[in-house]
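With mmCIF, C-alpha atoms and all ligand atoms inside, this is work.cif:
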data_input
loop_
_atom_site.label_atom_id
_atom_site.label_comp_id
_atom_site.auth_asym_id
_atom_site.auth_seq_id
_atom_site.Cartn_x
_atom_site.Cartn_y
_atom_site.Cartn_z
CA MET L 1170 -7.73 25.45 -16.40
CA ARG L 1171 -10.53 23.11 -15.53
CA ASP L 1172 -11.53 21.36 -18.73
CA ALA L 1173 -13.89 18.45 -18.18
CA ALA L 1174 -13.05 17.18 -21.67
CA LEU L 1175 -9.54 16.46 -20.46
CA LEU L 1176 -10.98 13.79 -18.21
CA GLY L 1177 -11.93 12.16 -21.49
CA LEU L 1178 -11.70 8.44 -21.53
CA HIS L 1179 -13.00 6.57 -18.55
CA GLN L 1180 -12.60 2.85 -18.18
CA ALA L 1181 -14.44 0.91 -15.52
CA THR L 1182 -13.00 -2.52 -14.96
CA PRO L 1183 -14.87 -3.93 -11.97
CA ALA L 1184 -13.59 -7.42 -12.71
CA GLU L 1185 -10.09 -6.24 -11.92
CA GLY L 1186 -11.33 -4.18 -9.02
CA PHE L 1187 -10.16 -0.78 -10.08
CA ILE L 1188 -11.38 2.22 -11.98
CA VAL L 1189 -9.25 4.36 -14.22
CA ASP L 1190 -9.67 7.99 -15.12
CA ALA L 1191 -7.44 9.12 -17.91
CA VAL L 1192 -7.02 11.21 -20.97
CA SER L 1193 -7.09 9.34 -24.22
CA THR L 1194 -3.65 8.23 -25.30
CA ALA L 1195 -4.69 7.81 -28.92
CA ASP L 1196 -1.90 8.95 -31.21
CA SER L 1197 -4.41 9.35 -34.00
CA ARG L 1198 -5.53 12.77 -32.90
CA ARG L 1199 -5.04 15.19 -35.73
CA ARG L 1200 -2.48 17.90 -35.20
CA THR L 1201 -1.90 20.67 -37.66
CA ALA L 1202 1.43 22.32 -38.51
CA ARG L 1203 0.29 25.22 -36.35
CA ASP L 1204 -0.33 22.84 -33.45
CA PHE L 1205 3.20 21.42 -33.78
CA ALA L 1206 4.67 24.92 -34.02
CA LEU L 1207 2.80 26.06 -30.92
CA ILE L 1208 3.72 22.94 -28.97
CA GLY L 1209 7.35 23.58 -29.93
CA ARG L 1210 7.05 27.15 -28.74
CA VAL L 1211 5.61 26.05 -25.40
CA TRP L 1212 8.47 23.54 -25.02
CA ALA L 1213 10.91 26.39 -25.61
CA GLU L 1214 9.21 28.42 -22.88
CA VAL L 1215 9.34 25.45 -20.49
CA GLY L 1216 13.03 25.06 -21.34
CA ALA L 1217 13.63 28.72 -20.54
CA GLY L 1218 12.70 28.00 -16.92
CA ARG L 1219 11.68 30.79 -14.56
CA ILE L 1220 8.65 28.75 -13.54
CA THR L 1221 7.92 28.53 -9.83
CA GLU L 1222 5.51 26.23 -8.06
CA ALA L 1223 3.58 27.87 -5.23
CA TYR L 1224 0.16 27.96 -3.70
CA ILE L 1225 -1.49 31.08 -5.11
CA VAL L 1226 -3.79 33.06 -2.86
CA ASP L 1227 -5.98 35.34 -4.94
CA ALA L 1228 -8.27 37.72 -3.07
CA GLU L 1229 -10.47 38.19 -6.12
CA THR L 1230 -10.61 34.77 -7.78
CA MET L 1231 -10.96 31.30 -6.30
CA GLY L 1232 -8.98 28.53 -7.88
CA THR L 1233 -6.14 30.35 -9.57
CA ASP L 1234 -3.99 27.62 -11.14
CA GLY L 1235 -1.29 29.77 -12.66
CA TYR L 1236 -0.02 33.31 -12.95
CA TYR L 1237 2.24 35.18 -15.35
CA ASN L 1238 3.64 38.36 -13.84
CA GLY L 1239 4.20 40.09 -17.17
CA SER L 1240 7.98 40.16 -16.89
CA GLY L 1241 9.16 36.61 -17.38
CA ARG L 1242 8.18 34.80 -14.21
CA ILE L 1243 5.46 32.13 -14.22
CA THR L 1244 3.95 30.67 -11.05
CA ILE L 1245 2.10 27.34 -11.18
CA ASN L 1246 -0.32 26.28 -8.45
CA PRO L 1247 -0.97 22.54 -8.78
CA ALA L 1248 -3.20 22.41 -5.68
CA HIS L 1249 -6.63 22.81 -7.26
CA GLN L 1250 -6.03 20.30 -10.04
CA VAL L 1251 -4.56 17.79 -7.59
CA VAL L 1252 -7.36 18.26 -5.05
CA ASP L 1253 -9.99 17.82 -7.79
CA THR L 1254 -8.40 14.52 -8.75
CA VAL L 1255 -7.93 13.43 -5.14
CA ILE L 1256 -11.61 14.08 -4.36
CA HIS L 1257 -12.72 12.32 -7.55
CA GLU L 1258 -10.66 9.18 -6.99
CA CYS L 1259 -11.43 9.08 -3.25
CA LEU L 1260 -15.15 9.17 -4.09
CA HIS L 1261 -14.62 6.20 -6.43
CA ARG L 1262 -12.84 4.32 -3.66
CA ALA L 1263 -15.39 5.23 -0.98
CA PHE L 1264 -18.43 4.62 -3.19
CA PRO L 1265 -17.43 2.06 -5.84
CA HIS L 1266 -21.05 1.65 -6.99
CA TRP L 1267 -21.38 5.32 -7.98
CA THR L 1268 -21.40 6.04 -11.70
CA GLU L 1269 -18.65 8.08 -13.32
CA ARG L 1270 -21.13 10.84 -14.05
CA TYR L 1271 -22.28 10.99 -10.43
CA VAL L 1272 -18.70 11.02 -9.15
CA ARG L 1273 -17.86 13.90 -11.49
CA ARG L 1274 -20.90 15.89 -10.47
CA THR L 1275 -20.28 15.30 -6.76
CA THR L 1276 -16.59 16.18 -7.11
CA THR L 1277 -17.51 19.53 -8.66
CA GLN L 1278 -20.14 20.21 -6.01
CA LEU L 1279 -17.75 19.44 -3.15
CA ARG L 1280 -14.87 21.42 -4.66
CA ASN L 1281 -17.08 24.45 -5.19
CA LYS L 1282 -18.07 24.35 -1.50
CA MET L 1283 -14.48 24.23 -0.21
CA ASN L 1284 -12.78 27.45 0.73
CA ASP L 1285 -9.19 28.31 -0.09
CA HIS L 1286 -7.97 27.20 3.34
CA GLU L 1287 -9.63 23.79 3.01
CA ILE L 1288 -8.27 23.25 -0.49
CA ARG L 1289 -4.77 24.15 0.60
CA ALA L 1290 -5.03 21.93 3.68
CA MET L 1291 -6.21 18.95 1.60
CA TYR L 1292 -3.42 19.55 -0.93
CA GLU L 1293 -0.78 19.71 1.79
CA GLU L 1294 -2.14 16.58 3.49
CA ASP L 1295 -2.02 14.75 0.15
CA GLN L 1296 1.54 15.97 -0.44
CA ARG L 1297 2.58 14.67 2.99
CA ARG L 1298 0.90 11.29 2.58
CA LYS L 1299 1.44 10.53 -1.08
CA ARG L 1300 3.83 7.91 -2.29
CA LYS L 1301 5.76 8.77 -5.39
CA ARG L 1302 6.32 5.95 -7.82
CA LYS L 1303 9.41 6.28 -10.02
CA ARG L 1304 8.19 4.14 -12.88
CA PRO L 1305 4.97 5.00 -14.71
CA LEU L 1306 1.95 2.93 -13.75
CA GLN L 1307 1.24 1.14 -17.01
CA LEU L 1308 -2.47 0.52 -17.66
CA GLY L 1309 -4.21 -1.21 -20.50
CA ASP L 1310 -2.50 -3.26 -23.23
ZN ZN V 1 -13.88 8.61 -12.48
#

Mind turning this structure into structure tokens?
Amino acid sequence: MRDAALLGLHQATPAEGFIVDAVSTADSRRRTARDFALIGRVWAEVGAGRITEAYIVDAETMGTDGYYNGSGRITINPAHQVVDTVIHECLHRAFPHWTERYVRRTTTQLRNKMNDHEIRAMYEEDQRRKRKRKRPLQLGD
């Protein structure tokens, strides 16, 4: 799933020296009874487990983010989503004067030119180097 709309809200706050990319947290989004029912169903599936995280190598398709094997086992590959975000935020840090639109376009161009080996290598390097914060990073307010 690579939905640009999910990038949604973007806030540039040069005065504070950082740039934020985020989905909107507005609670006012309208959800129908069907939406709630489906979300509940997805929660039940998550609760049922049998979800494995692994890098997925697909000879036919680049950028496979997830796979259902048809008999209960789901495999999730976070690498492409993470690498997209890593590239995007690294471009902001490297080129703070670039516009959001230009960063998005360049991120897509770079990602589309990376092969599976390069994506996996960048993901694994990020996983080795990343710090994991226990508390959420609270923005806004
Ligand atoms: Zn951005």

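For Ile1220 (chain L), the list of residues within 8 Å, based on all atoms listed in the file and with local chain neighbours fewer than 5 positions off taken out, reads Val1215, Arg1242, Ile1243, Thr1244 and Ile1245 of chain L.
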
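Comparing the minimum interatomic distances between ligand ZN 1 (chain V) and each of L:Thr1221, L:Asn1246, L:Thr1254, L:Ser1240, counting only C-alpha atoms and all ligand atoms, we find that L:Thr1254 sits nearest.
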
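The smallest atom-to-atom distance between ligand ZN 1 (chain V) and any of L:Thr1233, L:Thr1201, L:Gln1250, L:Thr1268, using all atoms listed in the file, is found for L:Thr1268.
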
Counting all atoms listed in the file, the option among L:Thr1277, L:Asn1238, L:Asn1284, L:Gln1307 closest to Arg1219 (chain L):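 Closest residue, counting all atoms listed in the file: L:Asn1238.
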
What does the distance between CA of Lys1299 (chain L) and CA of Tyr1271 (chain L) come to in Å, to one decimal place?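 For CA of Lys1299 (chain L) relative to CA of Tyr1271 (chain L), the distance reads 25.5 Å.
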
Suppose you want the space between CA of Val1255 (chain L) and atom ZN of ligand ZN 1 (chain V); what is it in Å?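 Going from CA of Val1255 (chain L) over to atom ZN of ligand ZN 1 (chain V) covers 10.6 Å.
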